[in-house]
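Asks: For reference, the structure I am asking about is given below.
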Amino acid sequence: MSQSPQEENGINVTTARNQLYALVKLAEDGHTTVITKHKVRALLAPLDRFPAARKIGAFPAHVLSAAQKDFGDLVTLAAQGEPQVFLRNITPVAVLLADPASGALSTDMAAHPGSATAGGAVNSQGDQDRSSTPRRLATLGDAMSALTASPAGGPAFGLPGLDAATGALQLGRLTLVAALPNVGGSLLGLAAARKTALVDRRTVLYAASGPNRDDIFRRIISAETGGDYPRLKQGRLTEHEQQVARQLVQAGDVLLIDDGADLRAEDIAETAPHMEGLALVVVDRLQAAHSARLPLSGKRLPGASQILAGLARDLQVPVLAVVDSDDPALLGLLDADVVVTLTATADPGKVHVTVTERDFGMIGSAYLQPDLLHARFLNADAAPLERADSSAAPGPSAAATGTAALELAEAALPYTSGGHQGIPAALTHELSAWRTAVAGGDQEALKEILPSLLQAAAAVTELPDTHEGHRLSAALRPYGMPGPAAAADTNPNAGHPTAVGALVHVPADSGQVQDDVVEHEEEDEDGLAPGDEEDEPEGHVFPALKILKDAVGRSKMHPIPVIRAADRGSGPWPLITEQMDGEPRWIHPDVTVTRVPHVRANGRRVRRDQFDVPDSFGAGVLCLIDRNGSFPSACSAVPLAPNKLVHTGPLDAYDKAGAGIYLIDIPAWNRTDMPHPLGRIIDRPDENGRVWVTTPHIKQLVKLVRDGHLQAMSTIHDSWTGKANESLFKPFYEATRKARTELVQVGGDPYKAYKTRLSIALRLLWPKKPSQRSPFWRPDWRMSMVAEASVRHWTVAFKAVQEGHALLALRNVDQAIFWTPPATPPSIYRIGTGFGEVKRKFAQASEIIPEGDD
């Protein structure tokens with residue numbers, strides 16, 4: 001019996017299975033192959049023949065290895081009208097379709113050829129029970145009628161500038177709010193939910209993947225009342241806030257929250273159709289990083305986005321999803337109808353918002369004023385606080401203007417947030433109102449609040465003798481209240497009470513310049529205070545010392561955390577100094593830096609750097625790079641000797657199995673565009689021109705030699721080493737990173753407490769004062785950790801220089817200053833708030849370089 005030409009052109013399923021990779025390659029090149037299995041036929045086709053297959057999650061998809069195993073079943077499904085997509089890793093590369101020439105198609109599909117396009121490009125996922133009713137085609141008149149009949153006052157953000165840029169939230173469309181974690185993307189989702197549910201009284205489904213219902217409720221109360229969100233997280237509500245909370249509970253039947261575990265897009269799509277009068281779906285949030293416990297994360301996001309887009313179309317409601325990334329590649333995969341991208345600006349009081357529409361591009365932009373303390377955004381055009389000249393004579397008449405108002409609001413934070421006690425409730429109440437008015441730019445409210453605030457402050461006989469107390473006292477000074485002497489703020493442990501009525505006032509324009517900043521940490525100072533060595537109290541926002549002790553205690557290498565006092569005067573211990581940190585304190589030799597007087601926002605007079613960049617560098621601006629969490633990041637893989645160091649003497653070469661300290665010659669470094677790799681270590685050689693270094697710098701030199709940047713490895717003349725371990729501090733690093741991710745969004749006092757305890761725990765590795773008790777005394781651990789941070793800082797800057805960027809200064813373990821075109825940081829740096837990422841600012845050469853609290 002002769003075969004038809006079609007059958008002769010096809011190959012059977014077994015042959016196709018064995019040749020699958022080659023056939024897929026043919027499909028990628030534009031060729032279609034007919035696959036036969038008994039009496040059914042399918043096509044292995046290019047994606048161009050069925051473009052919908054490119055939509056990840058829209059159809060069943062299989063990596064090639066799995067597809068080869070189940071190939072026979074996939075051919076059967078495809079022949080029945082269910083397209084099967086083949087993936088290389090996660091990228092669609094080919095599609096298996098029904099062959100429209102095959103008699104094996106269902107009778108329904110054969111009777112209605114519109115259910116399959118030419119060449120097998122089907123229009124559905126194989127629903128063989130579809131009605132035979134012809135598809136309805138809409139006329140232009142239908143569309144116009146629907147447009148003009150849209151109800152006024154539909155879902156919106158409640159922020160006029162943003163609503164004008166987006167045209168509000170459109171029915172049947174998926175809108176993504178894309179922002180890095182610290183910019184406040186989730187707060188836009190919350191703004192839309194608050195506006196729709198609490199103002200318009202329409203039903204909202206709030207699907208929370210990450211925050212729980214308590215977090216959401218506290219954010220709503222904070223945004224509605226202006227109460228500090230960190231304090232609300234501690235469960236401390238004022239009477240007014242409790243009243244608002246009760247009102248929200250009574251009116252909250254239109255805001256329905258799903259914060260169930262393992263929340264999936266399918267769950268949202270299943271719940272939404274059963275909600276009567278549903279006006280808006282908010283998904284908070286899609287997480288770019290993979291998490292095993294969060295289905296709405298990682299590689300699953302493109303499929304989830306498609307489900308949410310389908311939900312919007314099916315129910316004809318807006319779906320607003322927040323994604324914690326602004327990566328264009330990820331946003332392209334999510335393929336939303338509208339993308340609202342939030343970007344931080346150099347002005348901390350403004351966030352730039354751009355609105356783009358699929359297939360159209362940018363359709364609008366706006367600026368918002370972040371008020372993260374109160375879990376909300378404000379209009380950027382709210383009456384701004386004018387920044388007064390710092391030399392102007394302060395007084396009550398200037399209450400609502402200038403840096404002084406902002407500084408008082410910041411100084412009030414520790415007390416209004418509930419993180420610190422010690423001032424009367426009346427003053428706390430007035431300071432809270434002051435903070436709210438400052439955040440809203442409400443000049444009139446500030447003027448009204450000032451008299452009662454000053455009255456409450458005047459009734460205080462004593463402020464806490466702490467840094468926070470001194471700062472609050474100084475912030476009250478411009479309003480006629482006596483303030484502390486300039487030096488008082490630098491000595492929070494002076495040992496005497498701070499009486500508001502007895503503090504000395506030095507006017508800002510008195511001419512008495514107090515350069516009260518310690519330029520560099522003294523060699524014998526550890527920055528610790530009595531009591532720092534005690535474990536954090538139960539429930540502390542970040543028990544850093546407990547975590548560090550636990551990390552060391554769990555090590556199977558049985559570390560020795562404390563070297564006995566009797567042994568500290570001999571062996572390797574007297575050889576270890578602060579100089580071994582290798583911190584670069586370098587200025588480009590062609591650049592002139594001048595220390596000029598500067599007045600901080602809190603009135604303190606300090607000195608700051610001013611750069612003079614020669615014309616030979618060309619046109620540009622100062623690009624200030626500030627690395628996040630340099631020390632805790634170094635803890636991820638710092639090479640240490642957990643046990644005692646033994647004298648291993650001269651070494652022919654560095655042994656990767658060991659870690660400790662090494663006496664080496666200073667290698668020659670002839671480049672003038674980068675500091676020496678050993679930083680300030682080279683400033684104090686011994687009489688033979690040699691220096692002691694820790695393992696991180698030895699490893700750095702080995703790599704530089706291997707890469708051809710140094711001619712030869714330095715000779716190791718002496719050494720004290722032990723068995724190396726790079727994971728001793730890793731549990732501490734992981735806990736620190738996780739806490740930062742959560743607390744950097746909260747900000748305020750909890751984040752400050754986190755940073756303080758983190759710094760204390762790492763300083764306690766090497767307490768300098770004999771009276772300071774500590775669970776640690778390992779100077780080699782401390783200096784290796786700091787050296788690792790220095791090496792990482794130097795290495796990334798070196799890569800930027802190799803790419804052609806001009807480095808002007810490299811200092812400490814976190815600051816780099818480049819000369820770049822405006823708004824163009826070196827690409828080697830990742831901008832963000834996480835570990836391994838940096839903050840960046842731009843300044844003109846004539847401007848002072850901010851440091852610390854500037």
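In the structure tokens, chains take letters A, B, ... by order of appearance, with residues numbered from 1 within each chain and ligands from 1 in the order shown.
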Do you know which residues are at most 7 Å from Phe631 (chain A) counting only C-alpha atoms, after dropping those on the same chain fewer than 3 positions away, and could you put them as an MDAnalysis selection string?

Replies: chainID A and resid 634:635 785:786 789

Asks: Can you list, as number ranges by chain, all residues belonging to region 679-815 of chain A that DSSP tags as alpha helix (DSSP H)?

Replies: A: 695-706, 730-746, 748-763, 779-802

Asks: Between A:Ile563, A:Arg737, A:Leu545, A:Asp655, which residue has the minimum interatomic distance to Ser759 (chain A), considering only C-alpha atoms?

Replies: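 Nearest to Ser759 (chain A): A:Leu545.
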
Asks: For Leu187 (chain A), list every protein, DNA or RNA residue within 7 Å, evaluated using only C-alpha atoms, and leave out those in the same chain fewer than 3 positions away; present the list as a PDB file with N, CA, C and O atoms, in the first residue's frame.

Replies:
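Written output follows (out.pdb):
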ATOM      1  N   GLY A 184       9.819  52.344  48.185  1.00  0.00           N
ATOM      2  CA  GLY A 184       8.444  52.451  48.667  1.00  0.00           C
ATOM      3  C   GLY A 184       7.387  51.971  47.713  1.00  0.00           C
ATOM      4  O   GLY A 184       6.255  52.465  47.753  1.00  0.00           O
ATOM      5  N   LEU A 190      -0.610  50.220  48.526  1.00  0.00           N
ATOM      6  CA  LEU A 190      -1.437  50.530  49.684  1.00  0.00           C
ATOM      7  C   LEU A 190      -2.228  51.819  49.459  1.00  0.00           C
ATOM      8  O   LEU A 190      -3.390  51.923  49.877  1.00  0.00           O
ATOM      9  N   ALA A 191      -1.626  52.800  48.788  1.00  0.00           N
ATOM     10  CA  ALA A 191      -2.326  54.060  48.513  1.00  0.00           C
ATOM     11  C   ALA A 191      -3.557  53.808  47.655  1.00  0.00           C
ATOM     12  O   ALA A 191      -4.641  54.349  47.919  1.00  0.00           O
ATOM     13  N   ALA A 375       4.464  55.543  56.243  1.00  0.00           N
ATOM     14  CA  ALA A 375       3.987  54.518  55.305  1.00  0.00           C
ATOM     15  C   ALA A 375       3.127  55.108  54.188  1.00  0.00           C
ATOM     16  O   ALA A 375       2.056  54.596  53.889  1.00  0.00           O
ATOM     17  N   ARG A 376       3.608  56.169  53.568  1.00  0.00           N
ATOM     18  CA  ARG A 376       2.796  56.798  52.537  1.00  0.00           C
ATOM     19  C   ARG A 376       3.663  57.679  51.639  1.00  0.00           C
ATOM     20  O   ARG A 376       4.832  57.948  51.947  1.00  0.00           O
TER      21      ARG A 376
END

Asks: Find the residues around Ala289 (chain A) up to 9 Å (only C-alpha atoms counted), leave out those fewer than 3 positions away in its own chain, and share them as a compact mmCIF listing (two decimals) with all heavy atoms, in the first residue's frame.

Replies:
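Result went into out.txt, see below:
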# COMPACT_ATOMS: atom_id res chain seq x y z
N SER A 297 7.65 34.47 43.46
CA SER A 297 9.04 34.90 43.49
C SER A 297 9.82 34.20 42.38
O SER A 297 9.40 33.17 41.85
CB SER A 297 9.67 34.57 44.85
OG SER A 297 9.82 33.17 45.02
N GLY A 298 10.96 34.79 42.05
CA GLY A 298 11.93 34.17 41.17
C GLY A 298 11.38 33.84 39.79
O GLY A 298 10.66 34.61 39.16
N LYS A 299 11.72 32.64 39.32
CA LYS A 299 11.38 32.23 37.96
C LYS A 299 9.88 32.04 37.76
O LYS A 299 9.42 31.94 36.62
CB LYS A 299 12.10 30.92 37.63
CG LYS A 299 13.62 31.05 37.60
CD LYS A 299 14.26 29.71 37.31
CE LYS A 299 15.78 29.82 37.31
NZ LYS A 299 16.43 28.51 37.06
N ASP A 324 9.49 44.06 43.49
CA ASP A 324 10.58 44.71 44.23
C ASP A 324 11.85 44.82 43.38
O ASP A 324 12.96 44.53 43.85
CB ASP A 324 10.87 43.96 45.53
CG ASP A 324 11.38 42.55 45.30
OD1 ASP A 324 11.33 42.08 44.15
OD2 ASP A 324 11.81 41.90 46.27

Asks: Quick one: pull the distance between CA of Phe360 (chain A) and CA of Ala58 (chain A), Å, one decimal.

Replies: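 A separation of 22.8 Å between them.
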
Asks: Restricting the calculation to only C-alpha atoms: of A:Asn182, A:Ser325, A:Thr756, A:Thr461, which residue gets closest to Leu528 (chain A)?

Replies: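 Among the listed residues, the smallest separation from Leu528 (chain A) belongs to A:Thr756.
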
Asks: Which is closest to Ala192 (chain A) among A:Asp326, A:Glu444, A:Asp214, A:Asp163, if we use only C-alpha atoms?

Replies: A:Asp163

Asks: Interatomic distance between CA of Leu97 (chain A) and CA of Lys69 (chain A)?

Replies: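 CA of Lys69 (chain A) lies 18.0 Å from CA of Leu97 (chain A).
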
Asks: What lies within 9 Å of Ile587 (chain A) using only C-alpha atoms, ignoring chain neighbours under 5 positions off, as an MDAnalysis selection string?

Replies: chainID A and resid 592:593 674:675 807:811

Asks: Taking the DSSP assignment computed from this structure's backbone, write out as a count of residues only all residues of region 217-306 of chain A that belong to strand (DSSP E).

Replies: 13

Asks: In Å, rounded to a single decimal, give me how far CA of Asp749 (chain A) is from CA of Asp228 (chain A).

Replies: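 CA of Asp749 (chain A) lies 10.1 Å from CA of Asp228 (chain A).
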
Asks: Hey, what's within 8 Å of region 44-46 of chain A if we count only C-alpha atoms and toss same-chain stuff fewer than 3 positions away? As a CSV table (one decimal) with N, CA and C atoms, in the first residue's frame, please?

Replies:
chain,number,residue,atom,x,y,z
A,23,LEU,N,16.1,18.6,15.8
A,23,LEU,CA,14.8,19.1,15.3
A,23,LEU,C,14.5,20.5,15.9
A,24,VAL,N,14.7,20.6,17.1
A,24,VAL,CA,14.5,21.9,17.8
A,24,VAL,C,15.4,23.0,17.2
A,27,ALA,N,13.9,24.0,14.1
A,27,ALA,CA,12.8,24.9,14.3
A,27,ALA,C,13.3,26.4,14.6
A,28,GLU,N,14.4,26.5,15.4
A,28,GLU,CA,14.9,27.8,15.7
A,28,GLU,C,15.4,28.5,14.4
A,29,ASP,N,15.8,27.6,13.4
A,29,ASP,CA,16.2,28.2,12.1
A,29,ASP,C,15.0,28.4,11.1
A,30,GLY,N,13.8,28.2,11.6
A,30,GLY,CA,12.6,28.5,10.8
A,30,GLY,C,12.0,27.3,10.1
A,31,HIS,N,12.4,26.1,10.4
A,31,HIS,CA,11.9,24.9,9.7
A,31,HIS,C,10.8,24.2,10.6
A,32,THR,N,9.8,23.6,9.9
A,32,THR,CA,8.8,22.9,10.6
A,32,THR,C,8.9,21.4,10.2
A,33,THR,N,8.7,20.5,11.2
A,33,THR,CA,8.8,19.1,11.0
A,33,THR,C,7.5,18.4,11.4
A,34,VAL,N,7.0,17.5,10.5
A,34,VAL,CA,5.8,16.8,10.8
A,34,VAL,C,6.1,15.5,11.6
A,35,ILE,N,5.5,15.3,12.8
A,35,ILE,CA,5.7,14.2,13.6
A,35,ILE,C,4.4,13.3,13.6
A,49,ARG,N,5.6,30.8,14.2
A,49,ARG,CA,4.4,30.3,13.7
A,49,ARG,C,3.3,30.3,14.7
A,50,PHE,N,3.7,30.5,16.0
A,50,PHE,CA,2.7,30.6,17.1
A,50,PHE,C,3.2,31.5,18.2
A,93,VAL,N,11.9,27.9,22.9
A,93,VAL,CA,12.7,27.8,21.6
A,93,VAL,C,11.9,27.2,20.5
A,94,ALA,N,10.9,26.4,20.8
A,94,ALA,CA,10.1,25.8,19.8
A,94,ALA,C,8.7,25.4,20.4
A,95,VAL,N,7.8,25.0,19.5
A,95,VAL,CA,6.4,24.7,20.0
A,95,VAL,C,5.9,23.5,19.2
A,96,LEU,N,5.2,22.6,19.9
A,96,LEU,CA,4.6,21.4,19.3
A,96,LEU,C,3.1,21.7,19.1
A,97,LEU,N,2.6,21.7,17.9
A,97,LEU,CA,1.2,22.1,17.5
A,97,LEU,C,0.5,21.0,16.8

Asks: Give me the residues within 7 Å of Ala61 (chain A) as a ChimeraX atom specification, counting only C-alpha atoms and dropping any in the same chain fewer than 3 places off.

Replies: /A:84-87

Asks: Any chance you could export the current selection's N, CA, C and O atoms as a CSV table (one decimal), in the first residue's frame?

Replies:
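Output contents, as saved in result_2.csv:
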chain,number,residue,atom,x,y,z
A,84,GLN,N,2.3,22.6,23.1
A,84,GLN,CA,3.4,22.2,24.1
A,84,GLN,C,4.6,23.0,23.7
A,84,GLN,O,5.1,22.9,22.6
A,85,VAL,N,5.1,23.8,24.7
A,85,VAL,CA,6.3,24.7,24.4
A,85,VAL,C,7.5,24.0,24.9
A,85,VAL,O,7.6,23.4,26.0
A,86,PHE,N,8.6,24.1,24.1
A,86,PHE,CA,9.9,23.5,24.5
A,86,PHE,C,10.8,24.6,24.9
A,86,PHE,O,10.9,25.7,24.3
A,87,LEU,N,11.5,24.4,26.0
A,87,LEU,CA,12.4,25.4,26.6
A,87,LEU,C,13.9,24.9,26.6
A,87,LEU,O,14.2,23.8,26.8

Asks: Counting only C-alpha atoms, which of A:Ala458, A:Ala641, A:Leu180, A:Met713 gets nearest to Val351 (chain A)?

Replies: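 Checking each candidate against Val351 (chain A), we get A:Leu180 as the closest.
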
Asks: Sort by chain and increasing residue number a table of all residues of region 222-273 of chain A within 10 Å of region 425-441 of chain A, each with its closest pair of atoms and their distance in Å to one decimal, counting only C-alpha atoms, and write it as CSV.

Replies:
residue,atom,partner,partner_atom,distance
A:Thr225,CA,A:Thr436,CA,8.9
A:Gly226,CA,A:Thr436,CA,5.7
A:Gly227,CA,A:Ser432,CA,7.5
A:Asp228,CA,A:Ser432,CA,8.0
A:Thr238,CA,A:His429,CA,9.0

Asks: Keeping N, CA, C and O atoms, export the residues of the selection given above as a PDB file, in the first residue's frame.

Replies:
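Okay, out.pdb is ready:
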ATOM      1  N   THR A 225      -3.232  58.473  60.080  1.00  0.00           N
ATOM      2  CA  THR A 225      -3.121  59.325  61.267  1.00  0.00           C
ATOM      3  C   THR A 225      -1.829  60.127  61.308  1.00  0.00           C
ATOM      4  O   THR A 225      -1.725  61.085  62.067  1.00  0.00           O
ATOM      5  N   GLY A 226      -0.818  59.728  60.506  1.00  0.00           N
ATOM      6  CA  GLY A 226       0.486  60.374  60.619  1.00  0.00           C
ATOM      7  C   GLY A 226       1.290  59.855  61.777  1.00  0.00           C
ATOM      8  O   GLY A 226       2.318  60.444  62.143  1.00  0.00           O
ATOM      9  N   GLY A 227       0.878  58.730  62.383  1.00  0.00           N
ATOM     10  CA  GLY A 227       1.647  58.131  63.473  1.00  0.00           C
ATOM     11  C   GLY A 227       2.869  57.409  62.940  1.00  0.00           C
ATOM     12  O   GLY A 227       2.862  56.887  61.828  1.00  0.00           O
ATOM     13  N   ASP A 228       3.941  57.378  63.736  1.00  0.00           N
ATOM     14  CA  ASP A 228       5.187  56.764  63.283  1.00  0.00           C
ATOM     15  C   ASP A 228       5.024  55.261  63.165  1.00  0.00           C
ATOM     16  O   ASP A 228       4.688  54.573  64.133  1.00  0.00           O
ATOM     17  N   THR A 238      -1.449  55.814  70.159  1.00  0.00           N
ATOM     18  CA  THR A 238      -2.020  56.895  70.938  1.00  0.00           C
ATOM     19  C   THR A 238      -3.545  56.733  70.967  1.00  0.00           C
ATOM     20  O   THR A 238      -4.127  55.925  70.242  1.00  0.00           O
TER      21      THR A 238
END

Asks: Which one of A:Ser305, A:Ser784, A:Gln316, A:Gln287 sits closest to Pro273 (chain A) if you count only C-alpha atoms?

Replies: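 Among the listed residues, the smallest separation from Pro273 (chain A) belongs to A:Gln316.
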
Asks: With only C-alpha atoms as the atoms that count, which of A:Gly277, A:Arg671, A:Thr695, A:Gly571 lies nearest to Val204 (chain A)?

Replies: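 The closest residue to Val204 (chain A) is A:Gly277.
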